[in-house]
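Notes follow once the structure below has been shown.
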Amino acid sequence: MLAKKSVRSSKNYIAILAIALAGMMFTSVFTIAGSLLESMKDNEMRIKGSYAHSGFHQMSMTEYLRVSTDPEIKDSSYSILIGDAQGDAFRKLPTEVRYSEDKYAEWSYSLPNKGTMPQQKKEIGVSALVLDALGLPHTLGQSITLTFKTDKQVITDTFTVSGIWDGNPVAWRQSIWVSREYADAVAPVANEPWNNRPNVYSGYMNSQFWFPHTWNIETQAEELASRTGFDGQITVNSSSEFIDSEPQDLFLGILVIVVIFVAGYLVIYNVFYISIAQDIRSYGLLKTLGTTSKQIKRMVRFKAVYLACIGIPIGLMSGWVIGRLLVPSIIYNFGEEMRVVPSLHPLIFALSVIFSLLTVYMSCSGPAKVASRVSPMEALRYIEGDQQGSRRKKKKANPISPVRLALANLKRTPRKVLMVTLSFTLSLVIFNSTYGLVHSFDFDKFIAYQSVADFTVADASIINNSSPFNTSGVSEEFTRQVQTLDGLENSGNVYVETVTQNLTDQALVALQKLTGLMSESEREEFQSSQEMVKHRSTVNTFGFSEWPAQLIQVKEGHLNSQRWENGEGIYVTNVSTFKDGTHSIYHPGDKVMVSFGNGKEKEYDVLAIVDFPKAIHSASYYDIGLEFLLPSDELIANAGAMQPMYTIFDVDDNHITQTEKWLEQYCSTTDTGLDYFSKKASAETFNNLIFMFEVVGGVLCILLGIIGVLNFINSMLTSILTRKREIAMLQSIGMTVRQVKKMLNYEGIGYACLGLLLSVVLGSLASMTVVPALGAELSYFTWRFTLTPIAVSVIPIVLIAVIIPALCYRNIAKKTIIERLRINE
C-alpha cells in the first residue's frame, strides 16, 4: 500500500523513460538479429532450392521406395530429371527440365500460383524468370517451343503453359516441369543405382525428406542412408537447424547485449539512487514507525517493478518499430535478391522482457539496500553523499572559491559521478568504435575480390558462379570491340587451360610433409586425395597478357620477367586446398614438365612462387589446388588457339558511365553469354555496406547518448534540488548569483572532463582490441587506430555540461533566498 502511494505521488517520468529506453534497445537488437536470421535462413533455403530437411540425389525408383517407406521419415516427395534447357535464353539462366510431384514443387518454391502443374502430356509449368528470359508474357495457355538435351538426344518440342510461379532468382538452377506421361516417354525413370551407371543423369530422381524434428539433421540423414543402403549424394538443409554462429558473430552479439545492459543499468541505477536520496527522510520516518529493512527493500523493488510494467511495453513497441525500419538497410547489403523476412517471433519479446526486468532488478538492488540501512536519525540529517551524518572529519580551512566548491561536491558523491560519466562514456566509446571499424574498411581490398580493373568481363557462368563453368567464354569479336572504346587506357586477357600434370618425386615428398601440419580430419582428406593424385594432379595453367601480368605477386623467389616472357621459366602457386594455402611443393630452381593436353609437353624452370588477385582466379580448383602461370603467347603457342576466360580493361573517368551502358547493352543483346563486374557497381556496394554500419552504429550511439544526457540532467537537477537550502545559505553570506552559476558550471565541466578522459582510455582500449577482433574475418579490413569521434565530441559535451546546470539553477532561482532558507531539511 505504501509502495503504491509512493509510486502515485512521485514524478517518475525519467525512471519510466529510462526503463523504456533499455527495453527499446533490447527489443530493437533482438528484432534485427531475429529478422536477419530469418532472412538468412530464407535466403539459404532458396539458394539450395528447397526448405525440406534433407535430400538424396541421383536415386533410382527402387532406392526411393525403400528410403521413403522408412519409419523415421515424416514425409517425402521426388522429381525426375529429363535434361537441360538449351538456347541463348538459358546461358545466363541455367534451367533443368523435370517431372515433379506437387509436394516436391511446393518445397522447391516452384509450385504454380497461377494455373496448375502439368496434367496433359504436352503441358508444362514455368517460372516468370524463364518466361522473361524467353521474352514471353506471363500468360497461361500460350505455346512455347523448347529445346532440351538428355543424356541420349537433343529434343525440340512445343508445349502449352499450364502453370506459372514467380521463380527463385537465387537458386543455382531453374526448373521447367513436364507431365509424368511426357517424362516416361523421353526419359523413363531409372531402376538401377546411379553408381552402376556413372555419367548418366536422365531418368534419375532427386528426393526431399522431412524428419520428425530438426535436431541434428545431418546425422539423421546419414543414418537414414545407412539404414536403407543408399550410397549417393546427400544434401542437408542446415538452415532448418539452429544456425551455427561464427565466434566473431557470437562475440559481437554478446558485446552488444552487455553494452545495452550496462547502459540501462547505469541510468536506472542512478534514477533510483537519486530517488532514494530524495525520499530518504520518508524511509527514516517509516523506520521510526516500525517498518523493517526487509519491508523497505520490498517497497523499492515493488516501485521498480511497477514502473517497469509501464516502461517495458513502451520499449517493446518502439524497439520493434526501430528494428523493423533498420532491417531492410542491413539485408540489402547481403544481396539485392535476399528477401526481408521481418520476425515477430515471441522469443524476441520474451528475451527483451527478461533482460529488461533483469536490468531493472539489478539496478534497484543497490539503492534498495541504501534505503533499508539508513537509521531514522541519519535520515533526518541526510545530505547527498554524506551518509555518516554528523561524523565529519575536520579539515584544514582553505579559501572558498566556486572551483573548490564544485570539486567538493563532486567528491561528495563519487559513486553517482562514476555512474553518470560511464553512461555517456559508453555512447562515445561505441561511436568511436563504429567509426574505427568503418574507417578500417579497405576499398582496395574489397574491390580486389571482384575486379582489378574498371571492368572485368567473363562468361556469365564465371561471373555468377554457376557451374558448369565456361572458362573460355570471351569471344575474339568482343576483345576487338574493347580496343575501339573511347577513353581506353589499359586492357588485357587472362586465359586458362586445365590439364592433368605429372608431379615430380620432389614435389610428392614435399606434399607428404604437409601431413605433419594437419589435423586428423585434414590428414584423412589429404590421404584420400593422395590416393587420387598419386603422381598426377589436375592443374589450372594460366596465360597472362602484359597488363594482367603486372598484378602477379611474388611469395618466394624473384619475378624474372625476361626469362618468363621468353618461355624459359614458369611461375607456380602454393597448393591452395590444403592447410591454409601458404605452402608450396615447388621452389625456385626446380624444374616442371608441363603438358598442354594436345600431346605437347615442355620443361620449364620454376622462377618464383606467386599469387595473383582473386578477381582473376579460375572459378574451380582441382585436386591439390596447384596452378601454373605462363605468358599468354607462350600458352597459346603450345596449347593452341583459345578464347580468354577474362578480359579486363580501364577507361578514363570521363567515359566510365558511357562504357558501362555500352557493356550492359552488349551483354544483354549482342552476346548474352557474357556478364561483367565493374568498379563503379562495387563502389556502390561498398558504400552501402558502410552506410549499414553507420546507421546501425549511429542509432545505438544516439540511444546511448540520450541515456547519458538524461542521466546527467537527472543527476544535476536532483543535486541542485537537494542542495537548494545549502546554496541559499551560501548566497546569504555573500556568494553572488554569478559565483553560484560558476560553481555549477565547474561541476558540469568536471563531469565532462571525467567522461572525456574515461572515453579516451576506454575508446583506445576498444579501438586496439574489440575493433580488430570484429574485423579479423573481413577480407577487406585494414585496422586503423582513431580517436577522432571523441575529439569531435569535446565541444558538444562541454556545452551540454555548461548549459544543463544553468537551466537547472534557473528552476530553483524562481524562489527567493528567504523562501529557500525556510525549507525544512
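Ordered as shown in the C-alpha cells, chains take letters A, B, and onward, while each chain numbers its residues from 1 and ligands are numbered from 1 in the order shown.
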
Those in range 90-326 of chain A with helix (DSSP H, G or I) from DSSP, as a ChimeraX atom specification:
/A:90,102-107,128-134,180-186,194-196,217-228,238-240,247-278,280-288,293-326

How would the residues just chosen look if you wrote them out with C-alpha atoms as an mmCIF file, in the first residue's frame?
```
data_model
loop_
_atom_site.group_PDB
_atom_site.id
_atom_site.type_symbol
_atom_site.label_atom_id
_atom_site.label_comp_id
_atom_site.auth_asym_id
_atom_site.auth_seq_id
_atom_site.Cartn_x
_atom_site.Cartn_y
_atom_site.Cartn_z
ATOM 1 C CA PHE A 90 19.331 -20.127 -70.795
ATOM 2 C CA ASP A 102 3.203 -31.357 -56.323
ATOM 3 C CA LYS A 103 4.788 -31.543 -52.882
ATOM 4 C CA TYR A 104 8.310 -31.505 -54.298
ATOM 5 C CA ALA A 105 7.427 -28.436 -56.369
ATOM 6 C CA GLU A 106 5.955 -26.709 -53.328
ATOM 7 C CA TRP A 107 9.008 -27.454 -51.167
ATOM 8 C CA ALA A 128 8.189 -15.928 -64.550
ATOM 9 C CA LEU A 129 12.016 -15.830 -64.730
ATOM 10 C CA VAL A 130 12.039 -18.392 -67.555
ATOM 11 C CA LEU A 131 9.287 -16.537 -69.423
ATOM 12 C CA ASP A 132 11.245 -13.281 -69.047
ATOM 13 C CA ALA A 133 14.390 -14.965 -70.378
ATOM 14 C CA LEU A 134 12.403 -16.186 -73.385
ATOM 15 C CA ARG A 180 4.747 -37.666 -65.992
ATOM 16 C CA GLU A 181 3.478 -39.064 -69.288
ATOM 17 C CA TYR A 182 5.967 -36.967 -71.262
ATOM 18 C CA ALA A 183 8.802 -37.770 -68.845
ATOM 19 C CA ASP A 184 8.201 -41.524 -69.198
ATOM 20 C CA ALA A 185 8.271 -41.178 -72.984
ATOM 21 C CA VAL A 186 11.643 -39.341 -73.271
ATOM 22 C CA TRP A 194 23.395 -44.488 -60.283
ATOM 23 C CA ASN A 195 26.799 -45.718 -59.062
ATOM 24 C CA ASN A 196 26.491 -48.545 -61.581
ATOM 25 C CA ILE A 217 19.519 -33.189 -39.361
ATOM 26 C CA GLU A 218 22.850 -34.200 -40.871
ATOM 27 C CA THR A 219 23.144 -37.198 -38.533
ATOM 28 C CA GLN A 220 19.524 -38.180 -39.202
ATOM 29 C CA ALA A 221 20.145 -38.061 -42.966
ATOM 30 C CA GLU A 222 23.336 -40.131 -42.715
ATOM 31 C CA GLU A 223 21.634 -42.723 -40.513
ATOM 32 C CA LEU A 224 18.721 -42.888 -42.965
ATOM 33 C CA ALA A 225 21.116 -43.511 -45.863
ATOM 34 C CA SER A 226 22.935 -46.156 -43.839
ATOM 35 C CA ARG A 227 19.719 -47.955 -42.839
ATOM 36 C CA THR A 228 18.367 -48.040 -46.368
ATOM 37 C CA SER A 238 21.255 -26.878 -42.219
ATOM 38 C CA SER A 239 19.213 -23.665 -42.213
ATOM 39 C CA SER A 240 16.384 -25.710 -40.683
ATOM 40 C CA PRO A 247 32.911 -16.957 -32.959
ATOM 41 C CA GLN A 248 33.181 -13.311 -34.000
ATOM 42 C CA ASP A 249 29.406 -13.096 -34.557
ATOM 43 C CA LEU A 250 28.757 -14.620 -31.136
ATOM 44 C CA PHE A 251 31.266 -12.228 -29.580
ATOM 45 C CA LEU A 252 29.609 -9.239 -31.252
ATOM 46 C CA GLY A 253 26.144 -10.338 -30.102
ATOM 47 C CA ILE A 254 27.275 -10.784 -26.509
ATOM 48 C CA LEU A 255 29.126 -7.459 -26.611
ATOM 49 C CA VAL A 256 26.038 -5.567 -27.828
ATOM 50 C CA ILE A 257 23.846 -7.146 -25.123
ATOM 51 C CA VAL A 258 26.422 -6.339 -22.422
ATOM 52 C CA VAL A 259 26.707 -2.726 -23.621
ATOM 53 C CA ILE A 260 22.920 -2.279 -23.573
ATOM 54 C CA PHE A 261 22.690 -3.958 -20.180
ATOM 55 C CA VAL A 262 25.398 -1.717 -18.708
ATOM 56 C CA ALA A 263 23.852 1.412 -20.249
ATOM 57 C CA GLY A 264 20.415 0.513 -18.908
ATOM 58 C CA TYR A 265 21.874 -0.411 -15.540
ATOM 59 C CA LEU A 266 23.723 2.891 -15.206
ATOM 60 C CA VAL A 267 20.761 5.113 -15.918
ATOM 61 C CA ILE A 268 18.163 3.090 -13.985
ATOM 62 C CA TYR A 269 20.527 2.678 -11.026
ATOM 63 C CA ASN A 270 21.182 6.381 -10.962
ATOM 64 C CA VAL A 271 17.478 7.230 -11.229
ATOM 65 C CA PHE A 272 16.604 5.000 -8.274
ATOM 66 C CA TYR A 273 19.652 6.096 -6.297
ATOM 67 C CA ILE A 274 18.641 9.729 -6.688
ATOM 68 C CA SER A 275 15.021 8.856 -5.918
ATOM 69 C CA ILE A 276 16.153 7.191 -2.680
ATOM 70 C CA ALA A 277 18.177 10.299 -1.796
ATOM 71 C CA GLN A 278 15.095 12.445 -2.313
ATOM 72 C CA ILE A 280 15.429 9.200 2.395
ATOM 73 C CA ARG A 281 13.694 11.114 5.172
ATOM 74 C CA SER A 282 10.441 9.342 4.368
ATOM 75 C CA TYR A 283 12.190 5.996 4.781
ATOM 76 C CA GLY A 284 13.680 7.193 8.089
ATOM 77 C CA LEU A 285 10.236 8.139 9.367
ATOM 78 C CA LEU A 286 8.910 4.740 8.332
ATOM 79 C CA LYS A 287 11.704 3.162 10.359
ATOM 80 C CA THR A 288 10.541 5.077 13.440
ATOM 81 C CA SER A 293 14.587 -3.081 6.429
ATOM 82 C CA LYS A 294 13.140 -6.022 4.508
ATOM 83 C CA GLN A 295 9.842 -4.197 4.018
ATOM 84 C CA ILE A 296 11.608 -1.078 2.746
ATOM 85 C CA LYS A 297 13.577 -3.183 0.234
ATOM 86 C CA ARG A 298 10.300 -4.684 -0.941
ATOM 87 C CA MET A 299 8.819 -1.177 -1.302
ATOM 88 C CA VAL A 300 11.696 -0.045 -3.522
ATOM 89 C CA ARG A 301 11.563 -3.207 -5.630
ATOM 90 C CA PHE A 302 7.770 -3.015 -5.949
ATOM 91 C CA LYS A 303 8.152 0.543 -7.190
ATOM 92 C CA ALA A 304 10.754 -0.632 -9.725
ATOM 93 C CA VAL A 305 8.519 -3.451 -10.987
ATOM 94 C CA TYR A 306 5.508 -1.130 -11.149
ATOM 95 C CA LEU A 307 7.452 1.380 -13.256
ATOM 96 C CA ALA A 308 8.850 -1.469 -15.383
ATOM 97 C CA CYS A 309 5.306 -2.598 -16.152
ATOM 98 C CA ILE A 310 4.718 0.838 -17.665
ATOM 99 C CA GLY A 311 8.096 1.379 -19.331
ATOM 100 C CA ILE A 312 8.819 -2.060 -20.800
ATOM 101 C CA PRO A 313 5.691 -2.264 -23.049
ATOM 102 C CA ILE A 314 6.583 1.158 -24.447
ATOM 103 C CA GLY A 315 10.122 -0.087 -25.071
ATOM 104 C CA LEU A 316 8.888 -3.278 -26.735
ATOM 105 C CA MET A 317 6.651 -1.456 -29.201
ATOM 106 C CA SER A 318 9.107 1.310 -30.090
ATOM 107 C CA GLY A 319 12.040 -1.136 -30.205
ATOM 108 C CA TRP A 320 10.294 -3.433 -32.682
ATOM 109 C CA VAL A 321 9.429 -0.477 -34.913
ATOM 110 C CA ILE A 322 13.053 0.775 -34.879
ATOM 111 C CA GLY A 323 14.416 -2.723 -35.545
ATOM 112 C CA ARG A 324 11.926 -3.279 -38.349
ATOM 113 C CA LEU A 325 12.937 0.009 -40.003
ATOM 114 C CA LEU A 326 16.654 -0.827 -39.795
#
```

Show which residues sit within 12 Å of Pro346 in chain A, as an NGL selection string. Count only C-alpha atoms, and ignore same-chain residues fewer than 6 positions away.
:A and (27 or 30-31 or 34 or 316 or 320 or 352-353)

So that I can check the surroundings of range 661-671 of chain A, please list as a ChimeraX atom specification every protein, DNA and RNA residue that reaches within 12 Å of it, counting only C-alpha atoms and ignoring chain neighbours fewer than 3 positions away.
/A:88-89,91-92,133,454-460,473-478,481-482,485-486,649,655-658,674-678,680

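As for CA of Val592 in chain A and CA of Asp605 in chain A, they are spaced 6.6 Å apart.
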
When you look at Gly750 in chain A with a cut-off of 8 Å (counting only C-alpha atoms), what residues show up, excluding the ones that are within fewer than 4 positions of it in the same chain? I need them as a PyMOL selection string.
chain A and resi 407+410+746+754

Residue selection dump (C-alpha atoms) as a compact mmCIF listing (two decimals), in the first residue's frame:
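Dumped everything to selection_6.txt:
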```
# COMPACT_ATOMS: atom_id res chain seq x y z
CA LEU A 407 35.29 19.85 -6.60
CA LEU A 410 31.95 16.04 -6.96
CA TYR A 746 32.50 23.83 -12.97
CA LEU A 754 36.00 12.90 -16.37
```

Have a look at A:Tyr809, A:Phe431, A:Phe446, A:Phe628 and name the one nearest to Met716 in chain A; count only C-alpha atoms.
A:Tyr809

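You can rank A:Ile790, A:Pro193, A:Arg66, A:Ser76 by their closest distance to Leu758 in chain A using only C-alpha atoms, and at the top of that list sits A:Ile790.
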
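Contact shell of range 584-587 of chain A at 10 Å (only C-alpha atoms; same-chain neighbours under 5 positions omitted): A:Leu503, A:Thr504, A:Gln506, A:Ala507, A:Leu508, A:Val509, A:Ala510, A:Leu511, A:Gln512, A:Lys513, A:Leu514, A:Lys555, A:Glu556, A:Gly557, A:Tyr571, A:Val572, A:Thr573, A:Asn574, A:Val575, A:Ser576, A:Val592, A:Asp605, A:Val606, A:Leu607, A:Ala608, A:Ile609, A:Val610, A:Leu626.
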
Dump of C-alpha atoms for the selected residues, as a PDB file, in the first residue's frame:
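Saved to part-v2.pdb:
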```
ATOM      1  CA  LEU A 503      54.238 -34.280 -60.286  1.00  0.00           C
ATOM      2  CA  THR A 504      57.948 -34.692 -59.678  1.00  0.00           C
ATOM      3  CA  GLN A 506      60.488 -33.955 -55.090  1.00  0.00           C
ATOM      4  CA  ALA A 507      57.033 -32.360 -55.206  1.00  0.00           C
ATOM      5  CA  LEU A 508      55.400 -35.528 -53.889  1.00  0.00           C
ATOM      6  CA  VAL A 509      57.838 -35.644 -50.951  1.00  0.00           C
ATOM      7  CA  ALA A 510      57.015 -32.001 -50.145  1.00  0.00           C
ATOM      8  CA  LEU A 511      53.320 -32.807 -50.405  1.00  0.00           C
ATOM      9  CA  GLN A 512      53.703 -35.698 -47.989  1.00  0.00           C
ATOM     10  CA  LYS A 513      55.443 -33.443 -45.448  1.00  0.00           C
ATOM     11  CA  LEU A 514      52.325 -31.318 -45.240  1.00  0.00           C
ATOM     12  CA  LYS A 555      55.807 -15.064 -52.495  1.00  0.00           C
ATOM     13  CA  GLU A 556      59.182 -16.742 -52.916  1.00  0.00           C
ATOM     14  CA  GLY A 557      61.991 -16.054 -55.365  1.00  0.00           C
ATOM     15  CA  TYR A 571      55.567 -19.172 -62.084  1.00  0.00           C
ATOM     16  CA  VAL A 572      53.899 -21.611 -59.670  1.00  0.00           C
ATOM     17  CA  THR A 573      51.351 -21.031 -56.882  1.00  0.00           C
ATOM     18  CA  ASN A 574      51.027 -22.630 -53.469  1.00  0.00           C
ATOM     19  CA  VAL A 575      48.796 -25.684 -53.041  1.00  0.00           C
ATOM     20  CA  SER A 576      45.619 -23.901 -52.018  1.00  0.00           C
ATOM     21  CA  VAL A 592      58.482 -28.881 -64.052  1.00  0.00           C
ATOM     22  CA  ASP A 605      62.438 -23.692 -64.672  1.00  0.00           C
ATOM     23  CA  VAL A 606      60.417 -22.576 -61.652  1.00  0.00           C
ATOM     24  CA  LEU A 607      61.246 -18.865 -61.344  1.00  0.00           C
ATOM     25  CA  ALA A 608      59.066 -17.899 -58.378  1.00  0.00           C
ATOM     26  CA  ILE A 609      56.200 -18.949 -56.148  1.00  0.00           C
ATOM     27  CA  VAL A 610      53.436 -16.400 -56.726  1.00  0.00           C
ATOM     28  CA  LEU A 626      48.226 -26.177 -57.784  1.00  0.00           C
TER      29      LEU A 626
END
```

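Residues surrounding range 135-151 of chain A within 7 Å are A:Ile82, A:Gly83, A:Asp84, A:Ala85, A:Gln86, A:Ala128, A:Thr156, A:Asp157, A:Thr158, A:Phe159, A:Thr160, A:Val161, A:Ser162, A:Gly163, A:Val200, A:Tyr201, A:Ser202 [only C-alpha atoms; sequence separation below 5 positions excluded].
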
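Here CA of His558 in chain A is placed at a distance of 26.5 Å from CA of Thr500 in chain A.
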
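Between CA of Met205 in chain A and CA of Thr69 in chain A lies a distance of 15.9 Å.
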
Exercise: range 632-641 of chain A partners within 9 Å, only C-alpha atoms, chain neighbours under 5 positions left out, as a compact mmCIF listing (two decimals) with N, CA and C atoms, in the first residue's frame:
```txt
# COMPACT_ATOMS: atom_id res chain seq x y z
N ASN A 493 44.03 -9.77 -71.27
CA ASN A 493 43.27 -11.02 -71.22
C ASN A 493 43.94 -12.02 -70.29
N VAL A 494 43.11 -12.87 -69.70
CA VAL A 494 43.59 -13.98 -68.89
C VAL A 494 42.99 -15.26 -69.46
N TYR A 495 43.88 -16.21 -69.81
CA TYR A 495 43.46 -17.49 -70.37
C TYR A 495 43.72 -18.59 -69.34
N VAL A 496 43.03 -19.71 -69.51
CA VAL A 496 43.30 -20.85 -68.63
C VAL A 496 43.06 -22.15 -69.39
N GLU A 497 43.95 -23.09 -69.17
CA GLU A 497 43.85 -24.43 -69.73
C GLU A 497 44.00 -25.41 -68.57
N THR A 541 46.46 -24.08 -65.76
CA THR A 541 47.60 -23.40 -66.33
C THR A 541 47.11 -22.10 -66.96
N PHE A 542 47.54 -20.97 -66.40
CA PHE A 542 47.06 -19.66 -66.83
C PHE A 542 47.98 -19.05 -67.87
N GLY A 543 47.39 -18.23 -68.72
CA GLY A 543 48.14 -17.39 -69.64
C GLY A 543 47.78 -15.94 -69.41
N PHE A 544 48.77 -15.12 -69.02
CA PHE A 544 48.54 -13.71 -68.72
C PHE A 544 49.12 -12.84 -69.82
N SER A 545 48.29 -11.93 -70.34
CA SER A 545 48.84 -10.93 -71.26
C SER A 545 49.60 -9.87 -70.44
N GLU A 546 50.16 -8.90 -71.12
CA GLU A 546 51.13 -8.00 -70.49
C GLU A 546 50.57 -7.25 -69.28
N GLU A 565 58.91 -14.24 -69.99
CA GLU A 565 58.33 -13.84 -71.28
C GLU A 565 58.98 -14.57 -72.45
N ASN A 566 60.23 -14.99 -72.29
CA ASN A 566 60.92 -15.74 -73.35
C ASN A 566 60.53 -17.21 -73.36
N GLY A 567 59.70 -17.64 -72.41
CA GLY A 567 59.29 -19.03 -72.38
C GLY A 567 60.29 -19.97 -71.76
N SER A 595 52.32 -30.37 -69.41
CA SER A 595 51.58 -30.96 -70.52
C SER A 595 50.48 -30.00 -70.93
N PHE A 596 50.30 -29.82 -72.27
CA PHE A 596 49.32 -28.86 -72.77
C PHE A 596 48.05 -29.53 -73.29
N GLY A 597 47.90 -30.83 -73.03
CA GLY A 597 46.66 -31.51 -73.34
C GLY A 597 46.48 -31.90 -74.78
N ASN A 598 47.43 -31.57 -75.64
CA ASN A 598 47.35 -31.92 -77.06
C ASN A 598 48.51 -32.83 -77.47
N LYS A 600 51.53 -32.25 -76.52
CA LYS A 600 52.75 -31.46 -76.47
C LYS A 600 53.14 -31.20 -75.03
N GLU A 601 54.44 -31.32 -74.72
CA GLU A 601 54.97 -31.06 -73.38
C GLU A 601 56.20 -30.19 -73.48
N LYS A 602 56.47 -29.43 -72.41
CA LYS A 602 57.66 -28.59 -72.38
C LYS A 602 58.13 -28.43 -70.95
```

Out of range 462-662 of chain A, which residues get strand (DSSP E or B) from DSSP, as a count of residues only?
61

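Nearest to Val798 in chain A of all the residues A:Gly167, A:Pro402, A:Gly748, A:Gly599 is A:Gly748, counting only C-alpha atoms.
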
Across A:Leu730, A:Ala453, A:Leu351, A:Leu689, the smallest distance to Ile648 in chain A, with only C-alpha atoms counted, is shown by A:Ala453
